[in-house]
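Colleague: My structure file upload22.json, JSON, C-alpha atoms, is below:
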```json
[["chain", "number", "residue", "atom", "x", "y", "z"],
["A", 14, "MET", "CA", -28.32, 25.68, -5.69],
["A", 15, "GLU", "CA", -26.74, 22.96, -3.62],
["A", 16, "ILE", "CA", -23.38, 23.18, -1.87],
["A", 17, "ARG", "CA", -22.20, 19.95, -0.37],
["A", 18, "LYS", "CA", -18.99, 18.98, 1.37],
["A", 19, "TYR", "CA", -17.63, 15.60, 0.29],
["A", 20, "THR", "CA", -17.11, 13.11, 3.10],
["A", 21, "GLY", "CA", -14.00, 10.99, 3.59],
["A", 22, "HIS", "CA", -14.19, 7.32, 2.72],
["A", 23, "SER", "CA", -14.71, 4.99, 5.68],
["A", 24, "THR", "CA", -11.94, 2.57, 4.60],
["A", 25, "PHE", "CA", -9.40, 4.87, 2.94],
["A", 26, "SER", "CA", -9.29, 7.87, 5.25],
["A", 27, "PHE", "CA", -8.25, 11.31, 4.01],
["A", 28, "GLU", "CA", -4.90, 11.85, 5.71],
["A", 29, "GLY", "CA", -2.44, 12.88, 2.99],
["A", 30, "LYS", "CA", 0.45, 15.26, 3.65],
["A", 31, "SER", "CA", 1.16, 16.61, 0.17],
["A", 32, "ARG", "CA", 1.64, 20.37, -0.04],
["A", 33, "PHE", "CA", 0.54, 21.15, -3.59],
["A", 34, "ILE", "CA", -2.16, 19.89, -5.95],
["A", 35, "GLN", "CA", -0.54, 19.53, -9.37],
["A", 36, "ARG", "CA", -3.08, 17.90, -11.71],
["A", 37, "CYS", "CA", -6.81, 17.24, -11.94],
["A", 38, "TRP", "CA", -8.49, 14.54, -14.04],
["A", 39, "ASN", "CA", -12.09, 13.57, -14.62],
["A", 40, "PHE", "CA", -13.26, 10.03, -15.35],
["A", 41, "SER", "CA", -16.47, 8.46, -16.60],
["A", 42, "LEU", "CA", -16.91, 4.67, -16.56],
["A", 43, "ARG", "CA", -19.84, 2.91, -18.19],
["A", 44, "LYS", "CA", -21.12, -0.36, -16.78],
["A", 45, "GLY", "CA", -18.41, -3.02, -17.06],
["A", 46, "GLU", "CA", -15.54, -0.55, -17.58],
["A", 47, "ASN", "CA", -12.53, 0.08, -15.33],
["A", 48, "THR", "CA", -9.51, 2.34, -15.24],
["A", 49, "PRO", "CA", -6.08, 0.83, -15.93],
["A", 50, "SER", "CA", -4.11, -0.11, -12.83],
["A", 51, "ASN", "CA", -1.62, 2.67, -12.15],
["A", 52, "LEU", "CA", 0.44, 4.30, -9.40],
["A", 53, "ASN", "CA", 1.70, 7.80, -8.67],
["A", 54, "ALA", "CA", 5.45, 7.54, -8.09],
["A", 55, "SER", "CA", 5.94, 11.13, -6.89],
["A", 56, "GLY", "CA", 2.90, 11.93, -4.77],
["A", 57, "GLU", "CA", -0.60, 11.19, -3.58],
["A", 58, "GLU", "CA", -4.00, 11.08, -5.26],
["A", 59, "ILE", "CA", -7.51, 12.00, -4.16],
["A", 60, "HIS", "CA", -10.50, 10.54, -6.02],
["A", 61, "VAL", "CA", -13.78, 12.46, -5.64],
["A", 62, "ILE", "CA", -16.75, 10.32, -6.69],
["A", 63, "LEU", "CA", -19.41, 12.51, -8.29],
["A", 64, "GLN", "CA", -22.12, 10.02, -9.20],
["A", 65, "GLY", "CA", -22.80, 6.33, -9.51],
["A", 66, "GLU", "CA", -21.52, 3.34, -7.60],
["A", 67, "GLY", "CA", -18.49, 1.16, -8.17],
["A", 68, "ARG", "CA", -15.43, -0.28, -6.50],
["A", 69, "ILE", "CA", -11.87, 0.89, -5.92],
["A", 70, "THR", "CA", -8.89, -1.37, -5.29],
["A", 71, "ILE", "CA", -5.82, 0.11, -3.60],
["A", 72, "GLY", "CA", -2.97, -2.35, -3.21],
["A", 73, "GLN", "CA", -4.55, -5.51, -1.79],
["A", 74, "ALA", "CA", -7.59, -3.71, -0.32],
["A", 75, "SER", "CA", -10.87, -3.31, -2.19],
["A", 76, "SER", "CA", -14.02, -1.41, -1.19],
["A", 77, "PRO", "CA", -17.29, -0.14, -2.69],
["A", 78, "ILE", "CA", -17.48, 3.57, -3.61],
["A", 79, "ARG", "CA", -20.41, 5.84, -4.37],
["A", 80, "GLY", "CA", -21.19, 9.42, -5.28],
["A", 81, "GLY", "CA", -20.36, 11.94, -2.55],
["A", 82, "GLU", "CA", -17.27, 10.11, -1.25],
["A", 83, "MET", "CA", -13.57, 10.99, -1.38],
["A", 84, "VAL", "CA", -10.86, 8.33, -1.52],
["A", 85, "PHE", "CA", -7.21, 8.93, -0.58],
["A", 86, "VAL", "CA", -4.52, 6.93, -2.44],
["A", 87, "PRO", "CA", -0.99, 6.94, -0.96],
["A", 88, "PRO", "CA", 2.06, 7.25, -3.23],
["A", 89, "ARG", "CA", 3.55, 4.25, -5.04],
["A", 90, "VAL", "CA", 0.51, 2.02, -4.45],
["A", 91, "PRO", "CA", -1.16, 0.40, -7.51],
["A", 92, "HIS", "CA", -4.86, 1.18, -7.75],
["A", 93, "PHE", "CA", -7.80, 1.09, -10.13],
["A", 94, "ILE", "CA", -11.51, 1.93, -10.21],
["A", 95, "GLU", "CA", -14.18, -0.29, -11.74],
["A", 96, "ASN", "CA", -17.87, 0.03, -12.49],
["A", 97, "PRO", "CA", -19.48, -3.43, -12.39],
["A", 98, "GLU", "CA", -23.17, -2.47, -12.21],
["A", 99, "SER", "CA", -23.92, 1.29, -12.33],
["A", 100, "PRO", "CA", -25.12, 2.85, -15.63],
["A", 101, "MET", "CA", -22.42, 5.51, -15.18],
["A", 102, "LEU", "CA", -19.67, 6.13, -12.59],
["A", 103, "GLN", "CA", -18.13, 9.60, -12.70],
["A", 104, "GLY", "CA", -15.53, 11.41, -10.63],
["A", 105, "ILE", "CA", -12.45, 13.59, -10.61],
["A", 106, "THR", "CA", -8.89, 12.77, -9.56],
["A", 107, "LEU", "CA", -6.52, 15.28, -7.93],
["A", 108, "GLU", "CA", -2.79, 14.53, -8.05],
["A", 109, "ALA", "CA", -0.53, 16.07, -5.42],
["A", 110, "ASP", "CA", 3.24, 16.26, -5.85],
["A", 111, "TRP", "CA", 5.62, 15.53, -2.97],
["A", 112, "GLU", "CA", 8.38, 17.78, -4.34],
["A", 113, "LEU", "CA", 8.75, 20.83, -2.12],
["A", 114, "PRO", "CA", 8.90, 24.27, -3.72],
["A", 115, "ALA", "CA", 9.31, 27.29, -1.45],
["A", 116, "MET", "CA", 8.27, 26.79, 2.17],
["A", 117, "GLU", "CA", 5.20, 28.85, 2.96],
["A", 118, "SER", "CA", 6.05, 29.34, 6.62],
["A", 119, "ALA", "CA", 7.73, 32.60, 7.64],
["A", 120, "LYS", "CA", 9.58, 30.70, 10.36],
["A", 121, "ALA", "CA", 10.99, 28.29, 7.79],
["A", 122, "ALA", "CA", 11.93, 31.21, 5.57],
["A", 123, "GLY", "CA", 13.97, 32.70, 8.38],
["A", 124, "SER", "CA", 15.85, 29.48, 9.07],
["A", 125, "VAL", "CA", 16.55, 28.43, 5.51],
["A", 126, "GLY", "CA", 16.93, 31.77, 3.75],
["A", 127, "GLN", "CA", 15.11, 33.38, 0.83],
["A", 128, "GLN", "CA", 17.49, 32.04, -1.81],
["A", 129, "ALA", "CA", 17.00, 28.47, -0.66],
["A", 130, "LEU", "CA", 13.26, 28.91, -0.78],
["A", 131, "ARG", "CA", 13.42, 29.72, -4.48],
["A", 132, "GLU", "CA", 15.24, 26.51, -5.27],
["A", 133, "THR", "CA", 13.12, 23.55, -6.24],
["A", 134, "ALA", "CA", 13.79, 20.08, -7.48],
["A", 135, "ARG", "CA", 12.70, 21.31, -10.90],
["A", 136, "SER", "CA", 15.72, 23.64, -10.91],
["A", 137, "ILE", "CA", 17.82, 20.51, -11.32],
["A", 138, "ASP", "CA", 15.72, 19.41, -14.31],
["A", 139, "THR", "CA", 16.10, 22.86, -15.87],
["A", 140, "ILE", "CA", 19.89, 22.73, -15.57],
["A", 141, "VAL", "CA", 20.01, 19.30, -17.23],
["A", 142, "GLN", "CA", 17.68, 20.38, -20.03],
["A", 143, "ASN", "CA", 19.88, 23.40, -20.78],
["A", 144, "LEU", "CA", 23.21, 21.57, -20.82],
["A", 145, "ALA", "CA", 25.38, 22.21, -23.85],
["A", 146, "PRO", "CA", 26.24, 19.17, -26.03],
["A", 147, "THR", "CA", 29.82, 19.31, -24.75],
["A", 148, "LEU", "CA", 31.33, 20.85, -21.60],
["A", 149, "SER", "CA", 34.84, 21.82, -20.64],
["A", 150, "ALA", "CA", 36.22, 20.76, -17.28],
["A", 151, "ALA", "CA", 35.69, 24.27, -15.89],
["A", 152, "GLU", "CA", 32.10, 24.36, -17.12],
["A", 153, "ALA", "CA", 31.35, 20.88, -15.77],
["A", 154, "ILE", "CA", 32.76, 21.70, -12.33],
["A", 155, "GLN", "CA", 30.83, 24.97, -12.18],
["A", 156, "ILE", "CA", 27.55, 23.21, -12.99],
["A", 157, "ILE", "CA", 28.19, 20.39, -10.50],
["A", 158, "VAL", "CA", 28.90, 22.91, -7.73],
["A", 159, "LYS", "CA", 25.62, 24.66, -8.54],
["A", 160, "LEU", "CA", 23.76, 21.34, -8.49],
["A", 161, "PHE", "CA", 25.09, 20.48, -5.04],
["A", 162, "ASP", "CA", 24.22, 23.96, -3.78],
["A", 163, "ILE", "CA", 20.62, 23.34, -4.89],
["A", 164, "GLY", "CA", 20.70, 19.89, -3.32],
["A", 165, "GLY", "CA", 21.83, 21.38, 0.00],
["A", 166, "SER", "CA", 19.01, 23.95, -0.09],
["A", 167, "LEU", "CA", 16.44, 21.29, -0.84],
["A", 168, "SER", "CA", 17.75, 19.09, 1.96],
["A", 169, "GLU", "CA", 17.27, 21.96, 4.41],
["A", 170, "GLN", "CA", 13.75, 22.56, 3.11],
["A", 171, "ILE", "CA", 12.83, 18.90, 3.54],
["A", 172, "ASP", "CA", 14.28, 18.86, 7.05],
["A", 173, "ALA", "CA", 12.31, 21.98, 7.98],
["A", 174, "ALA", "CA", 9.07, 20.73, 6.45],
["A", 175, "LEU", "CA", 9.08, 17.02, 7.21],
["A", 176, "GLY", "CA", 12.10, 16.25, 9.36],
["A", 177, "LEU", "CA", 14.65, 13.57, 8.52],
["A", 178, "ASP", "CA", 13.79, 11.21, 11.38],
["A", 179, "ASN", "CA", 10.77, 9.69, 9.66],
["A", 180, "GLU", "CA", 9.99, 7.65, 6.55],
["A", 181, "GLU", "CA", 8.34, 10.49, 4.64],
["A", 182, "GLY", "CA", 11.31, 12.82, 5.10],
["A", 183, "VAL", "CA", 13.82, 10.12, 4.22],
["A", 184, "LEU", "CA", 11.88, 9.18, 1.07],
["A", 185, "ALA", "CA", 11.74, 12.82, -0.03],
["A", 186, "LEU", "CA", 15.48, 13.24, 0.57],
["A", 187, "THR", "CA", 16.27, 9.98, -1.26],
["A", 188, "ARG", "CA", 14.30, 11.17, -4.28],
["A", 189, "ILE", "CA", 16.24, 14.45, -4.36],
["A", 190, "GLU", "CA", 19.56, 12.62, -4.02],
["A", 191, "LYS", "CA", 18.73, 10.37, -6.98],
["A", 192, "LYS", "CA", 17.68, 13.36, -9.10],
["A", 193, "LEU", "CA", 20.92, 15.10, -8.15],
["A", 194, "MET", "CA", 23.16, 12.14, -9.02],
["A", 195, "ASP", "CA", 21.36, 11.61, -12.33],
["A", 196, "ALA", "CA", 22.07, 15.27, -13.13],
["A", 197, "VAL", "CA", 25.75, 14.88, -12.24],
["A", 198, "ALA", "CA", 25.93, 11.84, -14.51],
["A", 199, "ALA", "CA", 24.41, 13.89, -17.33],
["A", 200, "VAL", "CA", 27.08, 16.56, -16.82],
["A", 201, "ALA", "CA", 29.80, 13.90, -16.86],
["A", 202, "ASP", "CA", 28.46, 12.53, -20.14],
["A", 203, "ARG", "CA", 28.96, 15.94, -21.75],
["A", 204, "TYR", "CA", 32.41, 16.58, -20.29],
["A", 205, "ARG", "CA", 35.02, 17.02, -23.03],
["A", 206, "TYR", "CA", 38.53, 16.14, -21.86],
["A", 207, "GLY", "CA", 41.64, 17.95, -23.14],
["A", 208, "ASP", "CA", 40.26, 21.33, -24.26],
["A", 209, "GLY", "CA", 42.13, 23.50, -21.82],
["A", 210, "GLY", "CA", 39.85, 22.97, -18.84],
["A", 211, "ILE", "CA", 40.85, 24.48, -15.52],
["A", 212, "PHE", "CA", 44.55, 23.60, -15.94],
["A", 213, "PRO", "CA", 45.38, 24.65, -19.51],
["A", 214, "ASN", "CA", 49.10, 23.95, -19.16],
["A", 215, "ARG", "CA", 48.87, 20.51, -17.57],
["A", 216, "LEU", "CA", 49.96, 18.68, -20.73],
["A", 217, "LYS", "CA", 52.73, 21.13, -21.62],
["A", 218, "ASN", "CA", 54.33, 20.77, -18.22],
["A", 219, "SER", "CA", 54.10, 16.99, -18.00]]
```
Kindly transcribe the structure held in the file into structure tokens.
Modeller:
Amino acid sequence: MEIRKYTGHSTFSFEGKSRFIQRCWNFSLRKGENTPSNLNASGEEIHVILQGEGRITIGQASSPIRGGEMVFVPPRVPHFIENPESPMLQGITLEADWELPAMESAKAAGSVGQQALRETARSIDTIVQNLAPTLSAAEAIQIIVKLFDIGGSLSEQIDAALGLDNEEGVLALTRIEKKLMDAVAAVADRYRYGDGGIFPNRLKNS
């Protein structure tokens, strides 16, 4: 039996700050093959090279890779792996998501509150997926208020985890804001005017 710790790559150091590994992929490239160029829009990636030799290109930088190395890929940076010479290049890819579920720190739990810790960005997706085909004014307002409550909780979580005085925190907050506004737009699309709403007598009294 052999147990071996993988070493960080000399060019692309292992310094990611993602909290949760979300997906794991394996890849096998025969001589002359390469992966498609791609990027992870919502998090970071870690490539663990299991065997063989090849080359990885991350953005404008390119470097040889070989079995036993790990390569860190930052978010939103195009990258691909190629095998120009080796009979077989194999590895696994771990994808980490930047979205912040509950904070694991007890100190953060005390400052944000247990209810806020249960809110995640995916709660917004769930609300949108469960929207009725049409909504009254009262229903639309109720959902929008709930969405902004979730947005406030997530903003506090991001501030506690990353801070809002740095690029990583601002990017995380910007992503949540966009998700929130897209959800509000979806609610507005389903709003049905003139069905009684929150002021059922507004037309009678006009």
Colleague: So how far away is CA of Thr70 (chain A) from CA of Gly104 (chain A), in Å?
Modeller: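 CA of Thr70 (chain A) lies at a distance of 15.4 Å from CA of Gly104 (chain A).
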Colleague: Restricting the calculation to all atoms listed in the file, which member of A:Glu46, A:Glu180, A:Asp195, A:Glu57 is positioned closest to Leu107 (chain A)?
Modeller: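 Of the candidates, the smallest distance to Leu107 (chain A) is held by A:Glu57.
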Colleague: Could you give me, as a PDB file with C-alpha atoms, keeping the file's coordinate frame, the residues within 10 Å of Glu190 (chain A), counting all atoms listed in the file and dropping anything in the same chain fewer than 2 positions from it?
Modeller:
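Final output, result_14.pdb:
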```
ATOM      1  CA  PHE A 161      25.090  20.480  -5.040  1.00  0.00           C
ATOM      2  CA  GLY A 164      20.700  19.890  -3.320  1.00  0.00           C
ATOM      3  CA  GLY A 165      21.830  21.380   0.000  1.00  0.00           C
ATOM      4  CA  LEU A 167      16.440  21.290  -0.840  1.00  0.00           C
ATOM      5  CA  SER A 168      17.750  19.090   1.960  1.00  0.00           C
ATOM      6  CA  LEU A 184      11.880   9.180   1.070  1.00  0.00           C
ATOM      7  CA  ALA A 185      11.740  12.820  -0.030  1.00  0.00           C
ATOM      8  CA  LEU A 186      15.480  13.240   0.570  1.00  0.00           C
ATOM      9  CA  THR A 187      16.270   9.980  -1.260  1.00  0.00           C
ATOM     10  CA  ARG A 188      14.300  11.170  -4.280  1.00  0.00           C
ATOM     11  CA  LYS A 192      17.680  13.360  -9.100  1.00  0.00           C
ATOM     12  CA  LEU A 193      20.920  15.100  -8.150  1.00  0.00           C
ATOM     13  CA  MET A 194      23.160  12.140  -9.020  1.00  0.00           C
ATOM     14  CA  ASP A 195      21.360  11.610 -12.330  1.00  0.00           C
ATOM     15  CA  ALA A 196      22.070  15.270 -13.130  1.00  0.00           C
TER      16      ALA A 196
END
```
Colleague: Extract, using all atoms listed in the file, all DNA, RNA and protein residues at most 12 Å from Val141 (chain A), discarding same-chain residues fewer than 3 positions from it, and format them as a PyMOL selection string.
Modeller: chain A and resi 134-138+144-146+153+156-157+159-160+192-203
Colleague: Smallest atom-to-atom distance to Arg43 (chain A): which of A:Asn143, A:Ser75, A:Ser149, A:Ser99, using only C-alpha atoms?
Modeller: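 Nearest candidate to Arg43 (chain A) out of A:Asn143, A:Ser75, A:Ser149, A:Ser99: A:Ser99.
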